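Before any comments, here is the structure.
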Number of protein chains: 2
Amino acid sequence: MELDDRKKKILSSVVEDYIISAEPVGSKTIVDKYNLEYSSATIRNDMKILEESGYLEQPHVSAGRVPSTKGYRYYVDNLMKEKKLSMVDINYIDNTITGFGDTENLFEQAAKVISKILLRPTVLTVKTQDLLENIKIVRISDKILLIVLMSQSGTVKDCIVKLDLEVSDEIVDELTNALNHNLHGTPLEKLNIVLNSIVANELNSFSFILTKIIDSIKYELSKDSKKLSSNVESILDLPEFSDIEKAKNFVNMLSTKEIIDTSLEKAKENELGIIIGNESNEVMLKDYTIISLNIETSDKHVGKISVISPKRIDYSKTVATLKYINSKFKKILNKDNEKEGGS
Amino acid sequence: MELDDRKKKILSSVVEDYIISAEPVGSKTIVDKYNLEYSSATIRNDMKILEESGYLEQPHVSAGRVPSTKGYRYYVDNLMKEKKLSMVDINYIDNTITGFGDTENLFEQAAKVISKILLRPTVLTVKTQDLLENIKIVRISDKILLIVLMSQSGTVKDCIVKLDLEVSDEIVDELTNALNHNLHGTPLEKLNIVLNSIVANELNSFSFILTKIIDSIKYELSKDSKKLSSNVESILDLPEFSDIEKAKNFVNMLSTKEIIDTSLEKAKENELGIIIGNESNEVMLKDYTIISLNIETSDKHVGKISVISPKRIDYSKTVATLKYINSKFKKILNKDNEKEGGS
DNA sequence: TTTAGCACTTTAATTGTATGAGTGCTAACT
DNA sequence: AGTTAGCACTCATACAATTAAAGTGCTAAA
């Protein structure tokens, strides 16, 4: 259904006012604040029609209107004007996303920026389908090794292994070569299984070191599946969560990994994906919106940065922020690729 | 002032009941639940005396009593019986605090355990006064270096540095030696300053690499001052925070680093320090308790693990948990030391 | 097609009332 | 002297009744 200009203006005013005020928006407010050249009665008529066609909702009969999922969707697809970021925000992003460290640091920096600018929790899903590029073992001291795993997407993981016996440089070199030979290109999630199988077969002469190494790698890899979301506390300031039960539900929902995971899967097609309310089929998400940015280099999908929020969020600013972050990522990641490629 | 046996029993009952119920405890409750062989009127008389001498407080005249800071303190010092941890908890601790990784991993594991068992946020203060033991530089590829910093307390930090130019193994070795020579024993906090000064003087021939390295180290070291507290959300379940404003205040207080820092300084004398309410002179902390465990090896102070909570917390269980964790730390850290010493 | 006007509905805030928990005190009891 | 029963008193909490304000939908007129 196509909306006429006035209805578009009304819908967009309702969305934008509600985003700021968090209160249902009445006809009078729209006339006064958004200088429509009509009387409140006219606006009321249109609002009724907008409600009947599903763009607006009314919490109760004597309240103003609130955008429905369909309303937000129409706004995002057709009405929203892309905001420019403020210089303050741009500077903050530029200073925080520095490109120091590996890809995972980069993602953490982004999460921090987003939750600070948008005041919403940010969920990171790095290294989908990441493959092992290279493994290095460094002797820190006679009995302490540092294992460094480099993935093809540029993430570096490392862990300390404490041994019971001393090992020589030669053994370490030999082991490193053997591991690289066996493990190059293995998906990180499967590293464990493959390691277990090779320690049982080809490399069982090294098993006295390898079992320890496997344990540590397992521990290291298990860690990041858990440090998923940052700045969960930020939601306490939102009026949506003035009832603490709602806040608890939200937090629980966030920690129910499956819900987030499957919903994020859906936002995969485009660089920027927006899932509003029940567009995901997950009941627990019906009041929330997920806005995800897929980070990819020329050839591969590196990960995803997702803002999760009540449906009431400044879509325009969020999109602007994510796009700007994306451009920064592109610059940094491509530069990295060049470097590696050019070597 | 010394309390007679009955008053001790009453005080301890009030504390223990309040810890569980979070409701002011009345005289009848005590008679019924804690089988005192007296009538409620007698208990009332004693409670009045306990209130007059400052051990108990009354939210309002028709409510039961609540322990005051002085009451909690007396309970902790004189009345509290040390609980045994449940097998479930012990198993959970044993399985989570594995000793994999470096000292910092160890602390993170402890934080996780504590917030899970005690349902309170946990604040970590690792590496007070940590000195650099050793720096290693590993060539990951032609233009990518891995910098590894080992501290004397056993913490390992590392960071990736992306260079614009290729460097050879020889240069890396030379630089490593020079850095170790200059930096051994430097406090981590001062690493930056010292690095800046040596790049300006002795090692300015390496400045094309060193500036990048300094930036990355700076970034890496700045990170951990911020990942201070874990599981802040856990407080949402406490009745103390049924008013969301209180929850916000608590969260803000936690992120006001100075408050925590200075208060933690005080809990330094003993292995186990308990600061209740206004025993710290910090107004924002007047309703909260900090229970800290100082982690030390035979010769040095490694860090501190602190549980932060409303004053109403199961002191006995907390102490038992922290002590058990301390014994595990001692085992793991001493084993590490032996290893290093024995090499 | 638009608008003024008005009746109507519902929420939020305010006030009043009843209930109950728990006290402090007094007088009696052991 | 220590303990207890009994009772008046206080305050918090819950609930109902009342009111005011916001915003609607509808009708009739412009």
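FYI, nothing fancy with the structure tokens labels: chains A, B, ... in order, residues from 1 per chain, ligands from 1 as they appear.
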Quick check: residues of chain B within 7 Å of chain D, only C-alpha atoms (C1' of nucleotides), returned as an MDAnalysis selection string. chainID B and resid 39 41:42 60:62
Contacts of Asn252 in chain B at 12 Å or less, counting only C-alpha atoms (C1' of nucleotides), minus same-chain residues fewer than 6 places along, as a ChimeraX atom specification? /A:233-234,236-237 /B:232,245-246,258-260,284-285
Looking only at strand (DSSP E or B) from DSSP on the backbone, list the matching residues of range 228-334 of chain B as number ranges by chain. B: 229-230, 272-276, 288-296, 301-310
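Among the candidate residues B:Thr125, B:Ser263, B:Ser216, B:Ser309, the one lying nearest to Leu191 in chain B is B:Ser216, with distances computed using only C-alpha atoms.
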Residues of chain C within 12 Å of chain A, using only C-alpha atoms (C1' of nucleotides), as a short mmCIF file (atom, residue, chain, number, x, y, z; two decimals) with N, CA and C atoms (P, O5', C5', C4', C3', O3' and C1' of nucleotides), in the first residue's frame?
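What landed in part-v7.cif:
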```cif
data_model
loop_
_atom_site.label_atom_id
_atom_site.label_comp_id
_atom_site.auth_asym_id
_atom_site.auth_seq_id
_atom_site.Cartn_x
_atom_site.Cartn_y
_atom_site.Cartn_z
P DT C 1 -11.33 13.46 -1.17
"O5'" DT C 1 -10.92 14.71 -0.27
"C5'" DT C 1 -10.38 15.87 -0.92
"C4'" DT C 1 -10.28 16.96 0.10
"C3'" DT C 1 -9.61 16.53 1.42
"O3'" DT C 1 -8.55 17.44 1.67
"C1'" DT C 1 -11.62 17.68 1.84
P DT C 2 -7.61 17.28 2.86
"O5'" DT C 2 -8.24 18.28 3.91
"C5'" DT C 2 -8.28 19.65 3.59
"C4'" DT C 2 -9.10 20.36 4.63
"C3'" DT C 2 -8.56 20.24 6.05
"O3'" DT C 2 -8.24 21.53 6.52
"C1'" DT C 2 -10.91 19.93 5.97
P DT C 3 -7.47 21.72 7.86
"O5'" DT C 3 -8.66 22.03 8.87
"C5'" DT C 3 -9.52 23.13 8.59
"C4'" DT C 3 -10.67 23.14 9.56
"C3'" DT C 3 -10.26 22.99 11.02
"O3'" DT C 3 -10.90 24.01 11.77
"C1'" DT C 3 -12.02 21.52 10.51
P DA C 4 -10.15 24.68 12.96
"O5'" DA C 4 -11.37 24.97 13.94
"C5'" DA C 4 -12.55 25.54 13.40
"C4'" DA C 4 -13.77 25.09 14.20
"C3'" DA C 4 -13.55 25.05 15.71
"O3'" DA C 4 -14.67 25.67 16.31
"C1'" DA C 4 -14.34 22.94 14.94
P DG C 5 -14.75 25.92 17.83
"O5'" DG C 5 -15.62 24.67 18.30
"C5'" DG C 5 -16.81 24.34 17.57
"C4'" DG C 5 -17.45 23.13 18.19
"C3'" DG C 5 -17.24 23.01 19.70
"O3'" DG C 5 -18.45 22.61 20.29
"C1'" DG C 5 -16.48 21.05 18.64
P DC C 8 -21.29 10.74 25.84
"O5'" DC C 8 -19.89 9.97 25.71
"C5'" DC C 8 -19.52 9.43 24.46
"C4'" DC C 8 -18.15 8.79 24.59
"C3'" DC C 8 -17.95 8.02 25.90
"O3'" DC C 8 -17.60 6.69 25.58
"C1'" DC C 8 -16.11 9.48 25.46
P DT C 9 -17.47 5.64 26.78
"O5'" DT C 9 -15.89 5.46 26.79
"C5'" DT C 9 -15.20 5.30 25.55
"C4'" DT C 9 -13.73 5.20 25.83
"C3'" DT C 9 -13.36 4.34 27.04
"O3'" DT C 9 -12.32 3.47 26.65
"C1'" DT C 9 -12.38 6.49 27.24
P DT C 10 -11.99 2.22 27.53
"O5'" DT C 10 -10.66 2.70 28.23
"C5'" DT C 10 -9.55 3.04 27.41
"C4'" DT C 10 -8.58 3.84 28.21
"C3'" DT C 10 -8.17 3.20 29.54
"O3'" DT C 10 -6.82 2.80 29.42
"C1'" DT C 10 -8.52 5.55 29.73
P DT C 11 -6.05 2.18 30.64
"O5'" DT C 11 -5.21 3.44 31.11
"C5'" DT C 11 -4.37 4.09 30.14
"C4'" DT C 11 -3.66 5.25 30.80
"C3'" DT C 11 -2.88 4.88 32.05
"O3'" DT C 11 -1.61 5.50 31.95
"C1'" DT C 11 -4.45 6.60 32.54
#
```
Expected answer as JSON, numbers by chain: chain B residues within 7 Å of chain A, only C-alpha atoms: {"B": [100, 101, 102, 142, 159, 160, 161, 216, 236, 242, 244, 248, 343]}
Export of the given selection (N, CA and C atoms) as a CSV table (one decimal), in the first residue's frame:
```csv
chain,number,residue,atom,x,y,z
B,100,PHE,N,45.4,-23.0,33.4
B,100,PHE,CA,45.8,-22.7,32.0
B,100,PHE,C,46.1,-21.3,31.9
B,101,GLY,N,47.0,-21.0,31.0
B,101,GLY,CA,47.2,-19.6,30.7
B,101,GLY,C,48.1,-18.9,31.7
B,102,ASP,N,48.1,-17.6,31.6
B,102,ASP,CA,49.0,-16.8,32.5
B,102,ASP,C,48.2,-16.3,33.7
B,142,ASP,N,56.6,-11.0,7.3
B,142,ASP,CA,57.6,-10.0,7.0
B,142,ASP,C,57.3,-8.6,7.7
B,159,CYS,N,51.0,-8.2,21.9
B,159,CYS,CA,50.2,-7.4,20.9
B,159,CYS,C,50.9,-7.5,19.6
B,160,ILE,N,50.0,-7.3,18.6
B,160,ILE,CA,50.4,-7.4,17.2
B,160,ILE,C,50.9,-6.0,16.7
B,161,VAL,N,51.9,-6.0,16.0
B,161,VAL,CA,52.4,-4.7,15.4
B,161,VAL,C,52.5,-4.9,13.9
B,216,SER,N,51.5,0.4,20.1
B,216,SER,CA,50.8,-0.9,20.3
B,216,SER,C,50.9,-1.3,21.8
B,236,LEU,N,21.0,-7.3,39.3
B,236,LEU,CA,19.6,-7.0,39.0
B,236,LEU,C,18.7,-7.9,39.8
B,242,SER,N,15.6,-3.4,43.4
B,242,SER,CA,14.3,-3.4,42.7
B,242,SER,C,14.0,-2.0,42.2
B,244,ILE,N,15.2,0.8,40.1
B,244,ILE,CA,16.3,0.8,39.0
B,244,ILE,C,17.2,2.0,39.2
B,248,LYS,N,21.3,1.8,38.9
B,248,LYS,CA,22.1,2.7,38.0
B,248,LYS,C,23.2,3.3,38.9
B,343,SER,N,64.7,-24.1,36.9
B,343,SER,CA,65.3,-24.2,35.5
B,343,SER,C,66.7,-23.9,35.4
```
Which of range 207-322 of chain A DSSP labels helix (DSSP H, G or I), written as number ranges by chain: A: 207-224, 232-237, 239-241, 244-255, 257-266, 277-279, 283-285, 315-322
With only C-alpha atoms (C1' of nucleotides) as the counted atoms, please give the residues lying no more than 9 Å from Asp46 in chain B, apart from itself and same-chain residues fewer than 5 positions off, as a VMD selection string. chain B and resid 6 to 7 10 41 51
Prev. selection, N, CA and C atoms, output as a PDB file, in the first residue's frame:
```pdb
ATOM      1  N   ARG B   6      22.897 -14.240  75.018  1.00  0.00           N
ATOM      2  CA  ARG B   6      21.615 -14.158  74.329  1.00  0.00           C
ATOM      3  C   ARG B   6      21.650 -13.061  73.269  1.00  0.00           C
ATOM      4  N   LYS B   7      22.242 -11.944  73.631  1.00  0.00           N
ATOM      5  CA  LYS B   7      22.310 -10.864  72.637  1.00  0.00           C
ATOM      6  C   LYS B   7      23.140 -11.282  71.435  1.00  0.00           C
ATOM      7  N   ILE B  10      20.970 -13.349  69.358  1.00  0.00           N
ATOM      8  CA  ILE B  10      19.971 -12.533  68.652  1.00  0.00           C
ATOM      9  C   ILE B  10      20.613 -11.812  67.470  1.00  0.00           C
ATOM     10  N   ALA B  41       8.782 -10.946  73.777  1.00  0.00           N
ATOM     11  CA  ALA B  41       8.948  -9.689  74.531  1.00  0.00           C
ATOM     12  C   ALA B  41      10.378  -9.542  75.031  1.00  0.00           C
ATOM     13  N   GLU B  51      19.884  -2.091  69.548  1.00  0.00           N
ATOM     14  CA  GLU B  51      19.746  -0.918  68.683  1.00  0.00           C
ATOM     15  C   GLU B  51      20.398   0.298  69.331  1.00  0.00           C
TER      16      GLU B  51
END
```
From CA of Ile193 in chain B to CA of Leu179 in chain B the spacing works out at 13.5 Å
